[in-house]
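Peer 1: Sending over model00.cif (mmCIF, C-alpha atoms).
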```
data_final
loop_
_atom_site.label_atom_id
_atom_site.label_comp_id
_atom_site.auth_asym_id
_atom_site.auth_seq_id
_atom_site.Cartn_x
_atom_site.Cartn_y
_atom_site.Cartn_z
CA MET A 1 56.69 -27.99 21.45
CA ALA A 2 55.23 -30.24 18.77
CA LYS A 3 57.51 -31.86 16.22
CA LYS A 4 57.35 -30.42 12.72
CA LYS A 5 55.19 -32.46 10.35
CA ARG A 6 56.71 -32.98 6.92
CA TYR A 7 56.04 -34.82 3.68
CA LEU A 8 58.59 -37.25 2.27
CA THR A 9 58.75 -38.33 -1.36
CA ALA A 10 60.44 -41.34 -2.94
CA THR A 11 60.98 -41.56 -6.70
CA LEU A 12 61.87 -45.04 -7.93
CA PRO A 13 63.91 -45.75 -11.08
CA ASP A 14 60.78 -46.85 -12.99
CA GLY A 15 59.19 -43.43 -12.38
CA TYR A 16 56.84 -44.49 -9.56
CA VAL A 17 56.47 -41.71 -6.97
CA LYS A 18 55.35 -42.38 -3.39
CA THR A 19 54.62 -39.58 -0.92
CA ILE A 20 54.50 -40.26 2.81
CA GLY A 21 53.07 -37.83 5.34
CA PRO A 22 52.46 -35.70 7.07
CA THR A 23 54.85 -37.29 9.55
CA SER A 24 57.24 -36.19 12.25
CA VAL A 25 59.12 -39.54 12.21
CA PRO A 26 62.68 -39.18 10.83
CA PHE A 27 62.37 -41.65 7.93
CA THR A 28 65.27 -41.50 5.46
CA HIS A 29 64.67 -44.36 2.99
CA TYR A 30 61.82 -46.10 1.17
CA TRP A 31 61.95 -49.76 0.14
CA ARG A 32 59.79 -51.71 -2.30
CA ILE A 33 59.54 -55.40 -3.13
CA VAL A 34 57.82 -56.50 -6.33
CA ALA A 35 57.18 -60.23 -5.99
CA HIS A 36 56.70 -62.17 -9.23
CA LEU A 37 54.16 -64.90 -8.48
CA GLY A 38 53.98 -66.57 -11.88
CA GLY A 39 51.41 -66.34 -14.63
CA GLY A 40 52.20 -62.64 -15.05
CA LYS A 41 50.95 -61.82 -11.53
CA THR A 42 52.84 -59.61 -9.10
CA GLU A 43 52.40 -58.45 -5.55
CA VAL A 44 53.95 -55.28 -4.12
CA PHE A 45 55.19 -54.71 -0.57
CA TRP A 46 56.67 -51.43 0.63
CA GLY A 47 57.78 -49.55 3.69
CA HIS A 48 60.05 -46.85 5.03
CA ALA A 49 63.02 -46.92 7.35
CA LYS A 50 64.93 -44.56 9.61
CA SER A 51 68.29 -45.46 8.05
CA LEU A 52 69.84 -47.10 5.00
CA ARG A 53 71.08 -49.91 7.24
CA GLU A 54 67.55 -50.63 8.46
CA ALA A 55 66.21 -50.61 4.89
CA THR A 56 68.97 -52.92 3.61
CA GLY A 57 68.20 -55.34 6.43
CA LYS A 58 64.88 -56.05 4.75
CA LYS A 59 66.67 -57.61 1.79
CA ALA A 60 67.82 -60.71 3.73
CA ALA A 61 64.31 -61.22 5.07
CA THR A 62 62.97 -60.91 1.52
CA ALA A 63 65.04 -63.87 0.32
CA ASP A 64 63.50 -66.02 3.07
CA ALA A 65 60.00 -64.76 2.27
CA ALA A 66 60.48 -65.60 -1.42
CA LYS A 67 61.34 -69.20 -0.55
CA GLN A 68 58.49 -69.58 1.94
CA ARG A 69 55.87 -68.08 -0.36
CA GLY A 70 57.06 -69.70 -3.58
CA TRP A 71 57.77 -66.51 -5.51
CA GLN A 72 59.38 -67.13 -8.89
CA ASP A 73 61.48 -64.00 -8.51
CA TYR A 74 61.42 -60.57 -6.87
CA ASP A 75 62.84 -57.08 -7.27
CA PHE A 76 64.03 -55.23 -4.18
CA GLU A 77 64.64 -51.49 -4.39
CA ILE A 78 65.71 -48.82 -1.91
CA VAL A 79 65.64 -45.07 -2.55
CA GLU A 80 66.32 -42.06 -0.38
CA LEU A 81 63.34 -40.03 0.80
CA ILE A 82 63.35 -36.33 -0.03
CA GLU A 83 61.46 -33.77 2.07
CA THR A 84 58.84 -31.99 -0.04
CA PRO A 85 56.48 -29.09 0.73
CA GLY A 86 53.06 -30.07 2.07
#
```
Show me this structure written as structure tokens.

Peer 2:
Amino acid sequence: MAKKKRYLTATLPDGYVKTIGPTSVPFTHYWRIVAHLGGGKTEVFWGHAKSLREATGKKAATADAAKQRGWQDYDFEIVELIETPG
């Protein structure tokens, strides 16, 4: 029997909405990094995780990436994914 495909939606505090799917993978959280490069430029990285613990683990790696890439600053956000109708 095939796994049920579903759509998952993340709504970030700034109002940005990201929909993932259709997927049968049990993702629970969405993470986003907004890297501030200087001169008003930004770069965005994002992904999804199967648990809050997995998503929070990205934060430590982000601090190292910021140093290596010379980012002036960054914002790291995690929100829960909500199943939505396809």

Peer 1: With all atoms listed in the file as the counted atoms, please give the residues lying no more than 7 Å from Leu37 (chain A), apart from itself and same-chain residues fewer than 3 positions off, as a CSV table (one decimal) with C-alpha atoms, keeping the file's coordinate frame.

Peer 2:
```csv
chain,number,residue,atom,x,y,z
A,41,LYS,CA,51.0,-61.8,-11.5
A,42,THR,CA,52.8,-59.6,-9.1
A,71,TRP,CA,57.8,-66.5,-5.5
A,72,GLN,CA,59.4,-67.1,-8.9
```

Peer 1: Here is a test: counting all atoms listed in the file, which residue of A:Gly57, A:Val44, A:Ala49, A:Tyr7 is nearest to Thr19 (chain A)?

Peer 2: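 Counting all atoms listed in the file, the residue closest to Thr19 (chain A) is A:Tyr7.
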
Peer 1: Considering only C-alpha atoms, can you say which of A:Lys67, A:His29, A:Lys18, A:Lys5 comes closest to Leu81 (chain A)?

Peer 2: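 Of the candidates, the smallest distance to Leu81 (chain A) is held by A:His29.
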
Peer 1: Could you list, as a ChimeraX atom specification, every residue matched by the PyMOL selection byres ((chain A and resi 20) around 12) in this structure?

Peer 2: /A:5-11,17-19,21-30,46-49,81-86

Peer 1: Select, from A:Lys4, A:Gly40, A:Ile78, A:Asp73, the residue with the minimum atom-to-atom distance to Lys59 (chain A), counting only C-alpha atoms.

Peer 2: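 Among A:Lys4, A:Gly40, A:Ile78, A:Asp73, it is A:Ile78 that comes nearest to Lys59 (chain A).
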
Peer 1: Can you measure CA of Ala35 (chain A) to CA of Thr62 (chain A) for me? One decimal in Å is fine.

Peer 2: 9.5 Å

Peer 1: Where's the centre, and what are the edge lengths in Å to one decimal, of a box along x, y and z enclosing all listed atoms of region 21-36 of chain A padded 3 Å per side, as lines of an AutoDock Vina configuration file?

Peer 2:
```
center_x = 58.9
center_y = -48.9
center_z = 1.5
size_x = 18.8
size_y = 32.5
size_z = 27.5
```

Peer 1: Convert the output of the PyMOL selection byres ((chain A and resi 77) around 9) on the shown file into explicit residues, formatted as a list in words.

Peer 2: Leu12, Pro13, Tyr30, Trp31, Arg32, Ile33, Val34, Lys59, Asp75, Phe76, Ile78 and Val79 of chain A

Peer 1: Quick check, in Å to one decimal: how far apart do CA of Thr56 (chain A) and CA of Arg69 (chain A) lie?

Peer 2: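 Here the two named atoms are 20.4 Å from each other.
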
Peer 1: One decimal, Å: what's the distance from CA of Tyr16 (chain A) over to CA of Ala55 (chain A), could you say?

Peer 2: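 Result for CA of Tyr16 (chain A) versus CA of Ala55 (chain A): 18.3 Å, one decimal.
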
Peer 1: Which of these residues is nearest to Tyr74 (chain A), using all atoms listed in the file: A:Gly15, A:His36, A:Arg53, A:Ala61?

Peer 2: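 Closest candidate: A:His36.
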